[in-house]
>>> print(open('coords10.tsv').read())   # TSV, C-alpha atoms
chain	number	residue	atom	x	y	z
A	17	MET	CA	-6.19	-16.90	-3.70
A	18	ALA	CA	-2.56	-17.05	-4.70
A	19	ALA	CA	-1.26	-14.16	-6.72
A	20	GLY	CA	-0.94	-14.76	-10.42
A	21	ASN	CA	2.43	-14.10	-12.02
A	22	THR	CA	0.96	-13.25	-15.45
A	23	PRO	CA	1.30	-9.47	-15.87
A	24	LEU	CA	-1.57	-7.29	-17.01
A	25	TYR	CA	-0.18	-4.91	-19.61
A	26	VAL	CA	-1.78	-1.48	-19.52
A	27	PRO	CA	-0.23	0.94	-22.06
A	28	ASN	CA	0.35	4.50	-20.89
A	29	GLY	CA	-2.54	6.71	-21.87
A	30	HIS	CA	-4.96	3.80	-22.17
A	31	SER	CA	-8.69	4.51	-22.45
A	32	LEU	CA	-9.80	1.56	-20.33
A	33	ASP	CA	-12.35	2.19	-17.61
A	34	HIS	CA	-10.38	2.62	-14.38
A	35	GLY	CA	-13.03	0.91	-12.26
A	36	LEU	CA	-12.92	-2.17	-14.46
A	37	LEU	CA	-9.13	-2.25	-14.40
A	38	ASP	CA	-8.98	-1.85	-10.63
A	39	SER	CA	-11.54	-4.59	-10.05
A	40	TYR	CA	-9.56	-7.14	-12.09
A	41	GLN	CA	-6.24	-6.14	-10.58
A	42	GLN	CA	-7.57	-6.48	-7.04
A	43	GLN	CA	-9.72	-9.56	-7.48
A	44	PHE	CA	-7.10	-11.62	-9.32
A	45	GLN	CA	-3.97	-9.95	-7.90
A	46	LEU	CA	-2.46	-9.39	-11.33
A	47	PRO	CA	0.72	-7.29	-11.48
A	48	ILE	CA	0.24	-4.20	-13.65
A	49	VAL	CA	2.96	-3.29	-16.15
A	50	ASN	CA	3.05	-0.27	-18.47
A	51	THR	CA	5.76	-1.55	-20.82
A	52	SER	CA	4.99	-4.22	-23.38
A	53	PRO	CA	6.49	-7.52	-22.10
A	54	GLU	CA	9.52	-8.72	-24.05
A	55	ASP	CA	8.91	-12.42	-23.41
A	56	GLY	CA	6.42	-14.85	-21.94
A	57	LEU	CA	2.66	-14.61	-21.57
A	58	TYR	CA	0.74	-11.52	-20.56
A	59	LEU	CA	-2.82	-10.24	-20.32
A	60	GLN	CA	-4.16	-7.13	-22.00
A	61	PHE	CA	-7.52	-5.50	-22.67
A	62	ASP	CA	-7.92	-5.09	-26.43
A	63	GLU	CA	-9.63	-2.22	-28.25
A	64	ALA	CA	-13.03	-3.80	-27.54
A	65	GLN	CA	-12.14	-3.84	-23.82
A	66	ARG	CA	-11.98	-7.63	-23.91
A	67	LEU	CA	-9.36	-9.30	-21.73
A	68	SER	CA	-7.02	-11.51	-23.79
A	69	LEU	CA	-3.96	-13.66	-23.20
A	70	TYR	CA	-0.98	-12.95	-25.47
A	71	GLN	CA	2.45	-14.43	-26.07
A	72	ALA	CA	5.20	-11.86	-26.57
A	73	HIS	CA	6.31	-11.62	-30.21
A	74	SER	CA	3.57	-14.05	-31.34
A	75	LYS	CA	0.39	-13.44	-33.27
A	76	GLY	CA	-3.02	-14.37	-31.95
A	77	ALA	CA	-4.64	-14.27	-28.56
A	78	VAL	CA	-6.77	-16.40	-26.25
A	79	TYR	CA	-9.96	-14.99	-24.78
A	80	VAL	CA	-13.41	-16.11	-23.64
A	81	ASP	CA	-16.32	-15.28	-25.93
A	82	PHE	CA	-19.76	-16.60	-25.08
A	83	VAL	CA	-21.60	-14.10	-27.30
A	84	THR	CA	-20.22	-14.70	-30.81
A	85	GLY	CA	-18.33	-17.37	-32.71
A	86	ARG	CA	-18.46	-21.11	-32.15
A	87	LEU	CA	-20.37	-21.06	-28.87
A	88	ASP	CA	-23.00	-18.72	-30.30
A	89	TYR	CA	-23.44	-21.12	-33.23
A	90	ARG	CA	-23.82	-24.09	-30.87
A	91	ARG	CA	-26.28	-22.13	-28.73
A	92	GLN	CA	-28.48	-21.29	-31.70
A	93	LYS	CA	-28.05	-24.37	-33.90
A	94	GLY	CA	-27.67	-27.05	-31.28
A	95	GLY	CA	-24.70	-28.95	-29.95
A	96	GLY	CA	-23.47	-30.54	-26.78
A	97	GLU	CA	-25.71	-33.58	-27.15
A	98	LEU	CA	-23.02	-35.96	-25.93
A	99	ILE	CA	-22.21	-33.99	-22.80
A	100	ALA	CA	-25.95	-33.56	-22.19
A	101	LYS	CA	-26.33	-37.33	-22.20
A	102	ALA	CA	-23.33	-37.82	-19.94
A	103	ILE	CA	-24.61	-35.27	-17.42
A	104	ASN	CA	-28.25	-36.29	-18.02
A	105	THR	CA	-29.35	-32.66	-18.10
A	106	LYS	CA	-33.04	-33.56	-18.21
A	107	GLN	CA	-32.81	-34.84	-14.64
A	108	HIS	CA	-29.65	-33.17	-13.33
A	109	GLN	CA	-29.79	-29.38	-13.40
A	110	HIS	CA	-27.22	-28.59	-10.68
A	111	VAL	CA	-23.63	-29.14	-11.85
A	112	ILE	CA	-20.21	-28.32	-10.43
A	113	ASP	CA	-17.57	-27.72	-13.12
A	114	ALA	CA	-14.51	-28.36	-11.00
A	115	THR	CA	-11.90	-27.50	-13.66
A	116	ALA	CA	-13.63	-24.74	-15.59
A	117	GLY	CA	-10.82	-23.43	-17.81
A	118	LEU	CA	-12.38	-21.20	-20.47
A	119	GLY	CA	-15.87	-22.29	-19.45
A	120	ARG	CA	-17.08	-23.59	-22.81
A	121	ASP	CA	-18.63	-26.81	-21.55
A	122	ALA	CA	-20.15	-24.94	-18.61
A	123	PHE	CA	-21.74	-22.49	-21.05
A	124	ILE	CA	-23.26	-25.33	-23.10
A	125	LEU	CA	-24.67	-26.88	-19.93
A	126	ALA	CA	-26.07	-23.53	-18.81
A	127	ALA	CA	-27.62	-23.05	-22.27
A	128	LEU	CA	-29.33	-26.41	-21.71
A	129	GLY	CA	-30.85	-25.06	-18.49
A	130	CYS	CA	-28.32	-26.22	-15.91
A	131	HIS	CA	-27.10	-24.08	-13.03
A	132	VAL	CA	-23.33	-24.46	-13.08
A	133	HIS	CA	-20.87	-23.58	-10.31
A	134	LEU	CA	-17.46	-23.09	-11.92
A	135	PHE	CA	-14.15	-23.44	-10.09
A	136	GLU	CA	-10.91	-22.23	-11.69
A	137	ARG	CA	-7.68	-22.30	-9.72
A	138	HIS	CA	-5.36	-20.23	-11.91
A	139	PRO	CA	-5.86	-16.47	-11.38
A	140	SER	CA	-5.15	-15.51	-14.99
A	141	VAL	CA	-7.50	-18.12	-16.43
A	142	ALA	CA	-10.16	-17.13	-13.90
A	143	ALA	CA	-9.75	-13.51	-14.97
A	144	LEU	CA	-10.31	-14.46	-18.62
A	145	LEU	CA	-13.38	-16.44	-17.65
A	146	GLN	CA	-14.76	-13.66	-15.47
A	147	ASP	CA	-14.33	-11.23	-18.34
A	148	GLY	CA	-16.23	-13.54	-20.69
A	149	LEU	CA	-19.06	-13.77	-18.16
A	150	ARG	CA	-19.09	-9.98	-17.76
A	151	ARG	CA	-19.64	-9.49	-21.46
A	152	ALA	CA	-22.17	-12.31	-21.69
A	153	LEU	CA	-24.21	-10.76	-18.87
A	154	ALA	CA	-24.25	-7.46	-20.77
A	155	ASP	CA	-25.64	-9.05	-23.95
A	156	ALA	CA	-29.37	-9.73	-24.22
A	157	SER	CA	-28.86	-12.96	-26.16
A	158	THR	CA	-26.70	-14.61	-23.47
A	159	CYS	CA	-27.65	-12.82	-20.26
A	160	ASP	CA	-30.04	-15.50	-19.01
A	161	ILE	CA	-27.45	-18.23	-19.70
A	162	ALA	CA	-24.65	-16.35	-17.94
A	163	GLN	CA	-26.89	-15.83	-14.93
A	164	ARG	CA	-26.91	-19.60	-14.47
A	165	MET	CA	-23.09	-19.64	-14.28
A	166	CYS	CA	-21.38	-18.80	-10.97
A	167	LEU	CA	-17.58	-18.55	-10.88
A	168	THR	CA	-15.45	-19.16	-7.79
A	169	PRO	CA	-11.80	-18.35	-8.63
A	170	VAL	CA	-10.19	-20.92	-6.34
A	171	SER	CA	-9.10	-24.52	-6.64
A	172	PHE	CA	-11.93	-27.02	-6.25
A	173	LEU	CA	-9.62	-28.85	-3.85
A	174	GLN	CA	-9.40	-25.80	-1.58
A	175	ALA	CA	-13.11	-25.03	-1.62
A	176	ALA	CA	-15.51	-26.02	1.11
A	177	VAL	CA	-17.18	-29.27	0.11
A	178	GLU	CA	-20.64	-28.65	-1.30
A	179	SER	CA	-23.05	-31.04	-2.94
A	180	ALA	CA	-24.38	-31.04	-6.48
A	181	GLN	CA	-26.13	-33.63	-8.55
A	182	VAL	CA	-23.15	-33.90	-10.89
A	183	VAL	CA	-19.48	-32.97	-10.65
A	184	TYR	CA	-17.81	-32.46	-14.01
A	185	LEU	CA	-14.05	-32.77	-14.52
A	186	ASP	CA	-12.07	-31.80	-17.60
A	187	PRO	CA	-8.41	-32.08	-16.55
A	188	MET	CA	-5.68	-30.77	-18.81
A	189	TYR	CA	-4.81	-33.34	-21.47
A	190	PRO	CA	-1.16	-34.38	-21.76
A	191	GLN	CA	0.64	-32.19	-24.30
A	192	ARG	CA	1.37	-33.96	-27.57
A	193	GLN	CA	4.97	-34.33	-28.67
A	194	LYS	CA	4.39	-32.95	-32.17
A	195	SER	CA	4.15	-29.19	-31.85
A	196	ALA	CA	2.17	-28.93	-35.09
A	197	ALA	CA	-0.60	-30.96	-33.51
A	198	VAL	CA	-0.96	-28.63	-30.53
A	199	LYS	CA	-3.29	-25.71	-31.05
A	200	LYS	CA	-1.96	-22.30	-30.04
A	201	GLU	CA	-4.57	-22.02	-27.33
A	202	MET	CA	-3.51	-25.29	-25.71
A	203	ALA	CA	0.16	-24.37	-26.08
A	204	TYR	CA	-0.53	-21.12	-24.21
A	205	PHE	CA	-2.40	-23.00	-21.51
A	206	HIS	CA	0.29	-25.61	-21.02
A	207	ALA	CA	2.83	-22.81	-20.64
A	208	LEU	CA	0.56	-20.92	-18.25
A	209	VAL	CA	-0.93	-23.66	-16.10
A	210	GLY	CA	1.30	-26.69	-16.59
A	211	GLY	CA	0.13	-30.28	-16.19
A	212	ASN	CA	-2.09	-31.99	-13.65
A	213	ASP	CA	-0.64	-33.93	-10.76
A	214	ASP	CA	-3.73	-34.00	-8.57
A	215	ASN	CA	-6.10	-36.27	-10.49
A	216	ILE	CA	-6.69	-38.63	-7.59
A	217	ALA	CA	-7.44	-35.73	-5.22
A	218	LEU	CA	-9.85	-34.26	-7.78
A	219	LEU	CA	-11.69	-37.57	-8.06
A	220	GLN	CA	-11.86	-37.93	-4.28
A	221	GLN	CA	-13.31	-34.44	-3.84
A	222	ALA	CA	-15.71	-35.01	-6.74
A	223	ALA	CA	-16.93	-38.29	-5.26
A	224	ARG	CA	-17.63	-36.57	-1.95
A	225	SER	CA	-19.51	-33.72	-3.63
A	226	ALA	CA	-21.55	-35.54	-6.30
A	227	GLU	CA	-24.99	-36.86	-5.44
A	228	LYS	CA	-25.65	-38.77	-8.67
A	229	ARG	CA	-22.56	-38.99	-10.87
A	230	VAL	CA	-19.04	-37.80	-11.60
A	231	VAL	CA	-18.38	-37.12	-15.28
A	232	VAL	CA	-14.82	-36.94	-16.65
A	233	LYS	CA	-14.00	-35.63	-20.14
A	234	ARG	CA	-11.16	-37.46	-21.88
A	235	PRO	CA	-9.67	-37.89	-25.37
A	236	ARG	CA	-11.54	-40.73	-27.08
A	237	LEU	CA	-8.49	-43.01	-27.00
A	238	GLY	CA	-6.98	-41.56	-23.82
A	239	GLU	CA	-6.30	-43.44	-20.61
A	240	PHE	CA	-8.81	-43.47	-17.79
A	241	LEU	CA	-8.23	-40.78	-15.20
A	242	ALA	CA	-6.15	-42.27	-12.38
A	243	ASP	CA	-6.47	-45.62	-14.22
A	244	LEU	CA	-9.97	-46.11	-12.81
A	245	ASN	CA	-12.50	-47.84	-15.06
A	246	PRO	CA	-15.76	-45.86	-15.33
A	247	ASP	CA	-19.18	-47.34	-14.75
A	248	TYR	CA	-20.19	-46.35	-18.27
A	249	GLN	CA	-19.13	-44.11	-21.15
A	250	TYR	CA	-20.38	-41.83	-23.90
A	251	SER	CA	-17.97	-41.66	-26.85
A	252	GLY	CA	-17.76	-39.29	-29.81
A	253	LYS	CA	-15.32	-38.92	-32.70
A	254	SER	CA	-12.53	-37.31	-30.67
A	255	THR	CA	-13.86	-37.07	-27.12
A	256	ARG	CA	-15.49	-39.36	-24.62
A	257	PHE	CA	-17.16	-38.85	-21.25
A	258	ASP	CA	-16.44	-41.37	-18.48
A	259	VAL	CA	-19.20	-41.62	-15.89
A	260	TYR	CA	-18.59	-42.76	-12.31
A	261	LEU	CA	-21.14	-43.46	-9.58
A	262	PRO	CA	-20.02	-41.55	-6.47
A	263	SER	CA	-20.38	-44.39	-3.95
A	264	LYS	CA	-18.43	-46.84	-6.11
A	265	LEU	CA	-15.82	-44.18	-6.87
A	266	GLN	CA	-15.30	-43.45	-3.17
A	267	ALA	CA	-14.85	-47.16	-2.50
A	268	ALA	CA	-12.33	-47.51	-5.32
A	269	LEU	CA	-10.32	-44.56	-4.01
A	270	ALA	CA	-10.44	-45.58	-0.35
>>> encode(input="coords10.tsv", output="structure tokens")
Amino acid sequence: MAAGNTPLYVPNGHSLDHGLLDSYQQQFQLPIVNTSPEDGLYLQFDEAQRLSLYQAHSKGAVYVDFVTGRLDYRRQKGGGELIAKAINTKQHQHVIDATAGLGRDAFILAALGCHVHLFERHPSVAALLQDGLRRALADASTCDIAQRMCLTPVSFLQAAVESAQVVYLDPMYPQRQKSAAVKKEMAYFHALVGGNDDNIALLQQAARSAEKRVVVKRPRLGEFLADLNPDYQYSGKSTRFDVYLPSKLQAALA
């Protein structure tokens, strides 16, 4: 995979396990720095040995947490009903998440019993996701769920075509013009990853790989991906899921 340009900041005299540090540095090809970055984004293991994404001179951090917080609440109290309907998890238990990001939707699907193959193209985002999976596997409450999640840190477009019942796409939404409306997490991600210019290629690959359906997550009032009308939809208050039948999608993209 291509080397990531997001540095991994490791303070001198750190107490981090050297084996863990070496594995992340080698697997994701992250440049190690021992001086706190003066600008831009960087990665760092916090005191809990959790990998986080920081912005120099800004408060807050982005990290993956499948064990506590909002995802733990949804796991225990329910949630994800709309995506479950869009995927049809009762019949479709093998899902490819082609644009995994922080893996939240994949975790919900895995909690519902699906086996999810996650693809993430950006090395730094993949490292955050891998770290979240590492900690979820070590926790008794989430271990069985994390075992149903398999991460491949490459672009879905560069991967060998494999089949699954459903291919799920959640492309980066266009950044809003009003900065106050953009959450810090999304602002970090737009700065890190940038926008999408490969939507048609993603749909083509998804149509080749999906056996039953391609599901695309969009803002409720957002445009259709690649301006292609879906076969049907599931809409919520802020989000909708557009569902495409693979054979019809291939024909539309031919």
>>> residues_around(input="coords10.tsv", residues="Glu239 of chain A", least_positions_apart="2", cutoff="12 Å", atoms="all atoms listed in the file", output="list of chain:residue names")
A:Tyr189, A:Pro190, A:Val232, A:Lys233, A:Arg234, A:Pro235, A:Arg236, A:Leu237, A:Leu241, A:Ala242, A:Asp243, A:Leu244, A:Asn245, A:Pro246, A:Thr255, A:Arg256, A:Phe257, A:Asp258
>>> atom_distance(input="coords10.tsv", atom1="atom CA of Gly29 of chain A", atom2="atom CA of Tyr58 of chain A")
18.6 Å
>>> closest_residue(input="coords10.tsv", among="A:Leu24, A:Phe61, A:Val230, A:Pro53", to="Ser74 of chain A", atoms="all atoms listed in the file")
A:Pro53
>>> residues_around(input="coords10.tsv", residues="segment 110-127 of chain A", least_positions_apart="3", cutoff="9 Å", atoms="all atoms listed in the file", output="number ranges by chain")
A: 79-82, 87, 90-91, 95-96, 99-100, 103, 105, 130-138, 141-142, 144-145, 148, 158, 160-165, 167, 171-173, 179-188, 218, 222, 225-226
>>> atom_distance(input="coords10.tsv", atom1="atom CA of Val209 of chain A", atom2="atom CA of Leu57 of chain A")
11.2 Å
>>> closest_residue(input="coords10.tsv", among="A:Gln266, A:Gln220, A:Ser251, A:Gln146", to="Ser39 of chain A", atoms="only C-alpha atoms")
A:Gln146
>>> atom_distance(input="coords10.tsv", atom1="atom CA of Leu36 of chain A", atom2="atom CA of Asn50 of chain A")
16.6 Å
>>> closest_residue(input="coords10.tsv", among="A:Asn215, A:Ser140, A:Ser68, A:Gln221", to="Glu178 of chain A", atoms="all atoms listed in the file")
A:Gln221
>>> closest_residue(input="coords10.tsv", among="A:Ile216, A:Leu208, A:Leu128, A:Leu261", to="His108 of chain A", atoms="only C-alpha atoms")
A:Leu128
>>> closest_residue(input="coords10.tsv", among="A:Thr168, A:Gln43, A:Glu54, A:Ala64", to="Ser31 of chain A", atoms="only C-alpha atoms")
A:Ala64
>>> residues_near_point(input="coords10.tsv", point="(-12.6, 0.8, -19.4)", cutoff="12 Å", atoms="all atoms listed in the file", output="PyMOL selection string")
chain A and resi 26+29-40+60-67
>>> axis_aligned_box(input="coords10.tsv", around="segment 244-255 of chain A", padding_each_side="3 Å", output="AutoDock Vina command-line options")
--center_x -15.2 --center_y -42.5 --center_z -22.8 --size_x 16.4 --size_y 16.8 --size_z 25.9
